[in-house]
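**Q** Encoded as structure tokens, here's the structure I'll be asking about.
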Amino acid sequence: MASDSRTPASTSIDGTPRSVVKSDPPHASDADVARIGEGVLAGTHPYEHWTHLAHCAATICLLRERGLDRLTHEMPAIIRRYNESIGVKNTPTAGYHETLTQFYLRAVANLLATLPSETGLADCVAALKASPLAERDYVFGFYSRDHLFTAAARAGWVEPDLKPLPF
């Protein structure tokens with residue numbers, strides 16, 4: 001994933017058409033990454049910068065601050081509040097997605113576990129960008145679209161249907 005790339009976000013990961021042009025937020029410094037996490041918590045992170053990389057950077061920031069066990073329980077409410085702040089409705093077919101959230105929490109936590117604990121936030125994002133997690137379609141190595149975008153997968157955790165998770 002290229003840094004600060006500008007690409008038309010013609011579809012969301014679930015195939016919903018969009019007309020917004022999105023670009024990655026600044027993430028070169030620890031302060032940049034912290035601002036992403038803080039912006040998600042405050043509901044002020046700009047939607048045009050709410051890219052896959054921003055989702056992952058916020059996850060890194062919040063995992064470092066709160067830990068996986070705590071964030072596993074808190075992230076659903078955090079994301080729902082953020083979605084509402086940017087005008088995204090949380091419904092059975094849009095907005096918050098439990099399986100995607102828990103998948104990326106686990107995947108990013110697994111990546112962070114491979115890094116020294118003193119690794120700065122920006123270096124954690126750089127490590128993520130150098131990993132398969134940087135690809136927006138990474139999740140589809142484990143889940144088929146039909147399985148992942150069911151009402152059940154949006155509402156609760158569902159196990160992968162293509163191959164088991166390595167984390």
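Residues are referred to by chain and number: the chain letter is A, B, ... according to the order shown in the structure tokens, the number counts from 1 in that chain, and ligands are numbered separately from 1 in the order shown.
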Would you mind writing down, as a ChimeraX atom specification, each residue of chain A that DSSP on the backbone assigns to strand (DSSP E or B)?

**A** /A:6-8,11,17,21-23,91,94

**Q** Quick one: residues within 10 Å of range 145-147 of chain A, only C-alpha atoms counted, chain neighbours fewer than 6 positions away excluded, as a PDB file with N, CA and C atoms, in the first residue's frame?

**A**
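The new file result_27.pdb reads:
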```
ATOM      1  N   ILE A  13     -15.112  -2.352   0.981  1.00  0.00           N
ATOM      2  CA  ILE A  13     -14.630  -3.740   0.959  1.00  0.00           C
ATOM      3  C   ILE A  13     -15.763  -4.723   0.680  1.00  0.00           C
ATOM      4  N   ASP A  14     -17.000  -4.349   1.038  1.00  0.00           N
ATOM      5  CA  ASP A  14     -18.125  -5.252   0.781  1.00  0.00           C
ATOM      6  C   ASP A  14     -18.801  -5.010  -0.568  1.00  0.00           C
ATOM      7  N   GLY A  15     -18.218  -4.100  -1.377  1.00  0.00           N
ATOM      8  CA  GLY A  15     -18.739  -3.868  -2.715  1.00  0.00           C
ATOM      9  C   GLY A  15     -19.733  -2.735  -2.833  1.00  0.00           C
ATOM     10  N   VAL A 139      -7.906 -10.180   4.268  1.00  0.00           N
ATOM     11  CA  VAL A 139      -8.923 -10.982   4.942  1.00  0.00           C
ATOM     12  C   VAL A 139      -9.491 -12.068   4.022  1.00  0.00           C
ATOM     13  N   ALA A 153     -22.046 -12.722  10.267  1.00  0.00           N
ATOM     14  CA  ALA A 153     -20.656 -12.262  10.401  1.00  0.00           C
ATOM     15  C   ALA A 153     -20.594 -10.793  10.793  1.00  0.00           C
ATOM     16  N   VAL A 158     -17.566 -15.044  13.259  1.00  0.00           N
ATOM     17  CA  VAL A 158     -17.691 -16.309  12.535  1.00  0.00           C
ATOM     18  C   VAL A 158     -16.287 -16.764  12.156  1.00  0.00           C
ATOM     19  N   GLU A 159     -16.073 -18.056  12.220  1.00  0.00           N
ATOM     20  CA  GLU A 159     -14.786 -18.644  11.856  1.00  0.00           C
ATOM     21  C   GLU A 159     -14.593 -18.551  10.344  1.00  0.00           C
ATOM     22  N   PRO A 160     -13.339 -18.489   9.910  1.00  0.00           N
ATOM     23  CA  PRO A 160     -13.060 -18.448   8.465  1.00  0.00           C
ATOM     24  C   PRO A 160     -13.567 -19.703   7.765  1.00  0.00           C
ATOM     25  N   ASP A 161     -13.921 -19.560   6.499  1.00  0.00           N
ATOM     26  CA  ASP A 161     -14.376 -20.709   5.728  1.00  0.00           C
ATOM     27  C   ASP A 161     -13.337 -21.192   4.713  1.00  0.00           C
ATOM     28  N   LEU A 162     -12.256 -20.454   4.493  1.00  0.00           N
ATOM     29  CA  LEU A 162     -11.256 -20.865   3.512  1.00  0.00           C
ATOM     30  C   LEU A 162     -10.034 -21.549   4.129  1.00  0.00           C
TER      31      LEU A 162
END
```

**Q** Using only C-alpha atoms, which of the listed residues (A:Ala134, A:Met75, A:Leu68, A:Ala151) sits closest to Gly37 in chain A?

**A**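 Of A:Ala134, A:Met75, A:Leu68, A:Ala151, the one nearest Gly37 in chain A is A:Met75, counting only C-alpha atoms.
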
**Q** Just list the residues in range 28-134 of chain A DSSP gives alpha helix (DSSP H) on the backbone, as a ChimeraX atom specification.

**A** /A:30-42,52-66,68-85,98-113,121-129

**Q** Generate a file of the selected residues that holds C-alpha atoms, formatted as a PDB file, in the first residue's frame.

**A**
```pdb
ATOM      1  CA  ASP A  30       4.380   8.658  16.332  1.00  0.00           C
ATOM      2  CA  ALA A  31       2.345  11.851  16.801  1.00  0.00           C
ATOM      3  CA  ASP A  32       0.689  11.346  13.378  1.00  0.00           C
ATOM      4  CA  VAL A  33      -0.362   7.813  14.324  1.00  0.00           C
ATOM      5  CA  ALA A  34      -1.536   8.925  17.762  1.00  0.00           C
ATOM      6  CA  ARG A  35      -3.706  11.594  16.090  1.00  0.00           C
ATOM      7  CA  ILE A  36      -5.430   8.895  14.041  1.00  0.00           C
ATOM      8  CA  GLY A  37      -6.269   6.890  17.162  1.00  0.00           C
ATOM      9  CA  GLU A  38      -7.345  10.001  19.062  1.00  0.00           C
ATOM     10  CA  GLY A  39      -9.441  11.159  16.113  1.00  0.00           C
ATOM     11  CA  VAL A  40     -11.280   7.851  15.961  1.00  0.00           C
ATOM     12  CA  LEU A  41     -11.962   7.992  19.711  1.00  0.00           C
ATOM     13  CA  ALA A  42     -13.149  11.614  19.483  1.00  0.00           C
ATOM     14  CA  HIS A  52      -7.513   0.597   5.326  1.00  0.00           C
ATOM     15  CA  LEU A  53      -4.174   1.981   6.540  1.00  0.00           C
ATOM     16  CA  ALA A  54      -5.964   4.395   8.895  1.00  0.00           C
ATOM     17  CA  HIS A  55      -8.048   1.527  10.317  1.00  0.00           C
ATOM     18  CA  CYS A  56      -4.830  -0.420  10.953  1.00  0.00           C
ATOM     19  CA  ALA A  57      -2.967   2.593  12.372  1.00  0.00           C
ATOM     20  CA  ALA A  58      -5.827   3.321  14.781  1.00  0.00           C
ATOM     21  CA  THR A  59      -5.810  -0.348  15.782  1.00  0.00           C
ATOM     22  CA  ILE A  60      -2.053  -0.215  16.456  1.00  0.00           C
ATOM     23  CA  CYS A  61      -2.448   2.923  18.542  1.00  0.00           C
ATOM     24  CA  LEU A  62      -5.367   1.567  20.563  1.00  0.00           C
ATOM     25  CA  LEU A  63      -3.807  -1.873  21.050  1.00  0.00           C
ATOM     26  CA  ARG A  64      -0.647  -0.245  22.402  1.00  0.00           C
ATOM     27  CA  GLU A  65      -2.728   1.897  24.747  1.00  0.00           C
ATOM     28  CA  ARG A  66      -5.353  -0.608  25.902  1.00  0.00           C
ATOM     29  CA  LEU A  68      -5.999  -6.867  23.125  1.00  0.00           C
ATOM     30  CA  ASP A  69      -8.218  -8.194  25.916  1.00  0.00           C
ATOM     31  CA  ARG A  70      -9.639  -4.773  26.758  1.00  0.00           C
ATOM     32  CA  LEU A  71      -9.901  -3.622  23.150  1.00  0.00           C
ATOM     33  CA  THR A  72     -11.691  -6.802  22.075  1.00  0.00           C
ATOM     34  CA  HIS A  73     -14.581  -5.658  24.255  1.00  0.00           C
ATOM     35  CA  GLU A  74     -14.311  -1.894  23.683  1.00  0.00           C
ATOM     36  CA  MET A  75     -13.688  -1.705  19.936  1.00  0.00           C
ATOM     37  CA  PRO A  76     -17.272  -2.433  18.830  1.00  0.00           C
ATOM     38  CA  ALA A  77     -18.579   0.623  20.708  1.00  0.00           C
ATOM     39  CA  ILE A  78     -15.623   2.748  19.560  1.00  0.00           C
ATOM     40  CA  ILE A  79     -16.277   1.918  15.905  1.00  0.00           C
ATOM     41  CA  ARG A  80     -20.036   2.361  16.175  1.00  0.00           C
ATOM     42  CA  ARG A  81     -19.567   5.819  17.759  1.00  0.00           C
ATOM     43  CA  TYR A  82     -17.013   6.782  15.117  1.00  0.00           C
ATOM     44  CA  ASN A  83     -19.311   5.601  12.317  1.00  0.00           C
ATOM     45  CA  GLU A  84     -22.165   7.684  13.705  1.00  0.00           C
ATOM     46  CA  SER A  85     -19.890  10.739  13.952  1.00  0.00           C
ATOM     47  CA  GLU A  98     -17.895  -7.728  14.175  1.00  0.00           C
ATOM     48  CA  THR A  99     -15.945 -10.408  12.306  1.00  0.00           C
ATOM     49  CA  LEU A 100     -13.826  -7.884  10.393  1.00  0.00           C
ATOM     50  CA  THR A 101     -13.146  -5.975  13.606  1.00  0.00           C
ATOM     51  CA  GLN A 102     -12.091  -9.022  15.594  1.00  0.00           C
ATOM     52  CA  PHE A 103     -10.084 -10.426  12.664  1.00  0.00           C
ATOM     53  CA  TYR A 104      -7.993  -7.261  12.353  1.00  0.00           C
ATOM     54  CA  LEU A 105      -7.628  -6.856  16.111  1.00  0.00           C
ATOM     55  CA  ARG A 106      -6.137 -10.357  16.255  1.00  0.00           C
ATOM     56  CA  ALA A 107      -4.020  -9.909  13.128  1.00  0.00           C
ATOM     57  CA  VAL A 108      -2.566  -6.555  14.196  1.00  0.00           C
ATOM     58  CA  ALA A 109      -1.974  -7.782  17.756  1.00  0.00           C
ATOM     59  CA  ASN A 110      -0.103 -10.755  16.286  1.00  0.00           C
ATOM     60  CA  LEU A 111       2.077  -8.415  14.227  1.00  0.00           C
ATOM     61  CA  LEU A 112       2.772  -6.194  17.245  1.00  0.00           C
ATOM     62  CA  ALA A 113       3.817  -9.258  19.266  1.00  0.00           C
ATOM     63  CA  LEU A 121       3.868   3.824  16.640  1.00  0.00           C
ATOM     64  CA  ALA A 122       5.163   5.039  13.264  1.00  0.00           C
ATOM     65  CA  ASP A 123       7.614   2.130  13.081  1.00  0.00           C
ATOM     66  CA  CYS A 124       4.759  -0.255  13.920  1.00  0.00           C
ATOM     67  CA  VAL A 125       2.777   1.196  11.005  1.00  0.00           C
ATOM     68  CA  ALA A 126       5.849   0.816   8.767  1.00  0.00           C
ATOM     69  CA  ALA A 127       6.106  -2.854   9.803  1.00  0.00           C
ATOM     70  CA  LEU A 128       2.427  -3.317   9.036  1.00  0.00           C
ATOM     71  CA  LYS A 129       2.869  -1.687   5.606  1.00  0.00           C
TER      72      LYS A 129
END
```

**Q** Work out how far apart CA of Gly95 in chain A and CA of Ser29 in chain A are and give it in Å to one decimal.

**A** 29.1 Å

**Q** From the set A:Gly67, A:Gly156, A:Pro26, A:Gly43, which residue has the shortest atom-to-atom contact distance to Tyr96 in chain A, counting only C-alpha atoms?

**A**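 So, comparing all the options, the nearest one is A:Gly156.
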
**Q** Pick from A:Val21, A:Ala28, A:Leu148, A:Leu133: nearest to Gly120 in chain A, with only C-alpha atoms counted?

**A**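 Checking each of A:Val21, A:Ala28, A:Leu148, A:Leu133 against Gly120 in chain A, counting only C-alpha atoms, the winner is A:Ala28.
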
**Q** Rounded to one decimal in Å, what is the spacing between CA of His45 in chain A and CA of Ala94 in chain A?

**A**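 CA of His45 in chain A sits 19.3 Å away from CA of Ala94 in chain A.
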
**Q** For Val20 in chain A, which of A:Gly141, A:His49, A:Leu115, A:Lys163 is the closest residue, counting only C-alpha atoms?

**A**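 The closest residue to Val20 in chain A is A:His49.
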
**Q** Any idea what the distance is between CA of Pro92 in chain A and CA of Ala155 in chain A?

**A**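 Distance between the two atoms: 7.2 Å.
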